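See below for the structure under consideration.
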Amino acid sequence: MQNIWNRILIFIIVLVGISAVLSGIAIDNGKPEIIDISSLVQKIDSGEVERLEVLGDTIAVFGAEETAFEVKKEPGQSLSELLTSYGMTAEELAALNIEVKETPAALALLQSILPTFLFLIGFFVIFWFIMRQVQGANSRAMNFGQTKAREVDGKKHKVKFGDVAGAKEAKEELSEIVDFLKHPKKFIEVGAKIPKGVLLMGPPGTGKTLLARAVAGEAGAPFFHISGSEFVEMFVGVGASRVRDLFQKAKKASPCIVFIDEIDAVGRQRGAGLGGGNDEREQTLNQILVEMDGFEPNSGIIVIAATNRPDVLDPALLRPGRFDRRITLDLPSLKDRKEILDIHAKGKPLQDSVDLQRIAQRTVGFSGADLMNIMNEAAILTARENKKIITQAHLLEAIEKVMLGPERKSHIHSDDERLITAYHEAGHALVGHLLPHCDEVHKVSIVPRGQAGGYTMSLPEHDKKYKFRNEYLDDMAMALGGYAAEEIIFGDITTGPSSDLKNVTENAKRMVTRYGMSEEMGPRTYGEREEMIFLGKEMHQNKDYSEKTSEAIDGEVKRLVTTALDRAREIIKTERKELDKIVNALLKNEMIEKEEFEAIVGPAKKAPKIKVRSSN
């Protein structure tokens with residue numbers, strides 16, 4: 001309401017301003033000069049007046065040279081009476097050429113009603129403006145409990161399964177949904193019931209929303225999409241009302257698809273929050289449960305939801321009859337990454353020598369969204385250089401930009417800092433190169449990127465689902481290679497290895513407490529995590545072990561870290577000449593690719609193949 005009055009005030013101020021400007025405009029120079037009655041009598045006596053025209057209360061005076069003047073008289077008083085009162089005789093009046101003109105009736109009427117008419121128009125404009133604002137506010141208030149879901153015509157949706165690379169199993173599962181929407185009769189004839197709810201789970205950027213859009217495009221059915229956060233408002237009952245309204249609209253359009261993105265915003269386990277058991281979010285969840293599989297079943301409505309936190313969802317949401325089909329989307333494999341890059345390369349001018357297979361090999365652990373970002377960053381780099389063709393160098397630069405951030409070219413190291421960074425990164429690279437269970441070193445650089453003063457890029461030959469204990473031990477030694485190099489070469493330590501120490505400590509702790517990889521502590525886990533979400537953070541971890549065991553865990557973590565550091569020190573001392581060669585190459589070129597690196601230190605050691613022990 002305050003906003004309405006502000007607009008009215010602004011309108012009035014503008015109106016007053018326009019009136020003031022118009023009132024200040026100078027009178028047109030072509031308008032006749034206005035004189036008084038005595039001046040007119042003097043001009044008549046001197047013979048300067050030849051003709052007089054009377055129109056209402058205005059007297060137009062014309063002289064010999066067509067000089068025009070105007071005289072204003074009082075309404076209702078005749079010209080003869082006026083001049084007689086100024087001493088003119090009847091003979092003098094008879095000698096004057098006086099012409100009386102009548103004001104047109106239409107003009108007279110317009111002059112009388114125009115001011116009133118303009119006032120009424122202004123009044124009704126302001127009144128209409130106020131009522132329109134009030135009605136809009138009332139309308140918004142009445143529609144507060146209606147759903148904010150957007151409906152999309154599936155027949156006009158352009159995204160198809162062919163536009164989604166990888167996720168083969170997920171597309172096969174979802175193709176059944178499409179088949180049901182297109183041909184429901186063949187399922188009904190054999191007594192089959194299509195799942196009411198499909199839950200897409202996976203890390204961010206793996207294509208959950210894109211797959212839902214592809215289902216709508218393939219099925220050609222009405223598609224309602226909404227985010228889980230759009231249900232919840234500060235007023236109690238609004239979320240539940242919007243859920244009811246959503247499913248009412250979906251029933252009218254059935255068979256159709258309802259897509260709820262980020263359902264964990266309202267689908268968290270009930271009774272685990274800090275707001276009690278009757279808060280707005282839980283009421284919204286209860287309404288979703290009832291609508292999906294309550295007393296009145298919703299036939300022909302398929303609910304697809306997406307989340308990257310399936311562990312926090314309420315069990316009632318996952319039971320058969322609701323989200324009874326769960327589809328997991330993993331990070332893309334090497335083959336999938338190549339297919340994703342091919343899709344995002346369409347429409348981009350790539351050089352013939354560009355090898356997308358190599359780009360796919362360098363992007364282990366990247367999601368589909370990351371790969372799209374790489375292709376986009378490469379195009380931006382090309383345009384920034386005023387070039388028309390995207391090269392392999394642009395793509396490799398884009399990978400590092402996405403992983404670590406842009407080059408900090410303005411951040412210039414001193415000679416001492418460049419030397420320290422070179423030995424630090426060379427220590428990582430050399431230790432990782434010589435230990436058989438570390439990934440291959442693909443690049444070493446001392447150019448600052450993001451928060452890193454330099455970096456060593458090591459990538460596996462193929463995607464891995466599991467990791468052995470020996471791989472953890474070798475990776476920890478490699479991570480401490482920079483620490484060992486600084487300690488041995490300079491006899492002191494800088495703040496550079498701080499992130500390395502943090503990662504090594506976390507890995508050692510996970511080996512002991514979660515993976516059972518410690519011979520000292522045995523094959524069990526230590527500590528039970530309890531989900532207690534406050535401000536988006538996990539707040540509590542239940543200790544299921546004694547203080548004595550806690551000391552033993554700390555001792556074992558320290559032993560693993562110390563052992564890894566000793567292994568790194570031994571390699572740095574033994575291979576000091578190779579270390580110096582890497583440093584000299586880095587100081588000269590600032591970065592070394594895999595081929596040049598292996599030319600300096602030789603080919604990498606291959607990890608021994610997995611052997612199955614005999615039963616004897």
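Going through the structure tokens in order, the chains are called A, B, and so on, while each chain numbers its residues from 1 and the ligands are numbered from 1 in the order shown.
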Could you give me, as JSON lines, every region 343-438 of chain A residue with an atom at most 10 Å from region 454-474 of chain A, plus its closest atom pair and distance in Å to one decimal, counting only C-alpha atoms, rows ordered by chain then number?
{"residue": "A:Gln361", "atom": "CA", "partner": "A:Glu461", "partner_atom": "CA", "distance": 7.5}
{"residue": "A:Arg362", "atom": "CA", "partner": "A:Leu459", "partner_atom": "CA", "distance": 6.7}
{"residue": "A:Thr363", "atom": "CA", "partner": "A:Leu459", "partner_atom": "CA", "distance": 8.4}
{"residue": "A:Val364", "atom": "CA", "partner": "A:Asp463", "partner_atom": "CA", "distance": 6.8}
{"residue": "A:Gly365", "atom": "CA", "partner": "A:Asp463", "partner_atom": "CA", "distance": 8.2}
{"residue": "A:Glu400", "atom": "CA", "partner": "A:Met457", "partner_atom": "CA", "distance": 9.2}
{"residue": "A:Leu404", "atom": "CA", "partner": "A:Tyr455", "partner_atom": "CA", "distance": 8.9}
{"residue": "A:Arg418", "atom": "CA", "partner": "A:Gly454", "partner_atom": "CA", "distance": 9.4}
{"residue": "A:Thr421", "atom": "CA", "partner": "A:Gly454", "partner_atom": "CA", "distance": 6.5}
{"residue": "A:Ala422", "atom": "CA", "partner": "A:Gly454", "partner_atom": "CA", "distance": 8.0}
{"residue": "A:His424", "atom": "CA", "partner": "A:Gly454", "partner_atom": "CA", "distance": 8.6}
{"residue": "A:Glu425", "atom": "CA", "partner": "A:Thr456", "partner_atom": "CA", "distance": 6.1}
{"residue": "A:Ala426", "atom": "CA", "partner": "A:Thr456", "partner_atom": "CA", "distance": 8.2}
{"residue": "A:Gly427", "atom": "CA", "partner": "A:Thr456", "partner_atom": "CA", "distance": 9.6}
{"residue": "A:His428", "atom": "CA", "partner": "A:Thr456", "partner_atom": "CA", "distance": 6.8}
{"residue": "A:Ala429", "atom": "CA", "partner": "A:Thr456", "partner_atom": "CA", "distance": 6.3}
{"residue": "A:Val431", "atom": "CA", "partner": "A:Asp474", "partner_atom": "CA", "distance": 8.7}
{"residue": "A:Gly432", "atom": "CA", "partner": "A:Asp474", "partner_atom": "CA", "distance": 7.5}
{"residue": "A:His433", "atom": "CA", "partner": "A:Ser458", "partner_atom": "CA", "distance": 9.2}
{"residue": "A:Leu434", "atom": "CA", "partner": "A:Asp474", "partner_atom": "CA", "distance": 9.7}
{"residue": "A:Leu435", "atom": "CA", "partner": "A:Asp474", "partner_atom": "CA", "distance": 6.3}
{"residue": "A:Pro436", "atom": "CA", "partner": "A:Asp474", "partner_atom": "CA", "distance": 7.8}
{"residue": "A:His437", "atom": "CA", "partner": "A:Glu471", "partner_atom": "CA", "distance": 5.0}
{"residue": "A:Cys438", "atom": "CA", "partner": "A:Asp474", "partner_atom": "CA", "distance": 5.9}
TODO: Determine, counting only C-alpha atoms, which protein, DNA and RNA residues have an atom within 12 Å of an atom of Lys558 (chain A); residues of the same chain fewer than 5 positions away are not included. Present the result as number ranges by chain.
DONE: A: 501, 504-509, 511-512, 518, 551-553, 563-565
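Picture a line from CA of Lys158 (chain A) to CA of Ile390 (chain A); it runs 27.2 Å.
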TODO: Write down as a PyMOL selection string the residues belonging to region 323-494 of chain A that are assigned helix (DSSP H, G or I) by DSSP computed on the backbone.
DONE: chain A and resi 334-344+356-361+368-384+392-404+415-434+469-479+481-490
- [ ] Using only C-alpha atoms, determine which residues lie at most 10 Å from Phe161 (chain A), disregarding the query and same-chain residues fewer than 6 positions distant; provide the list as a ChimeraX atom specification.
- [x] /A:167-168,171-172,174-175,210-218
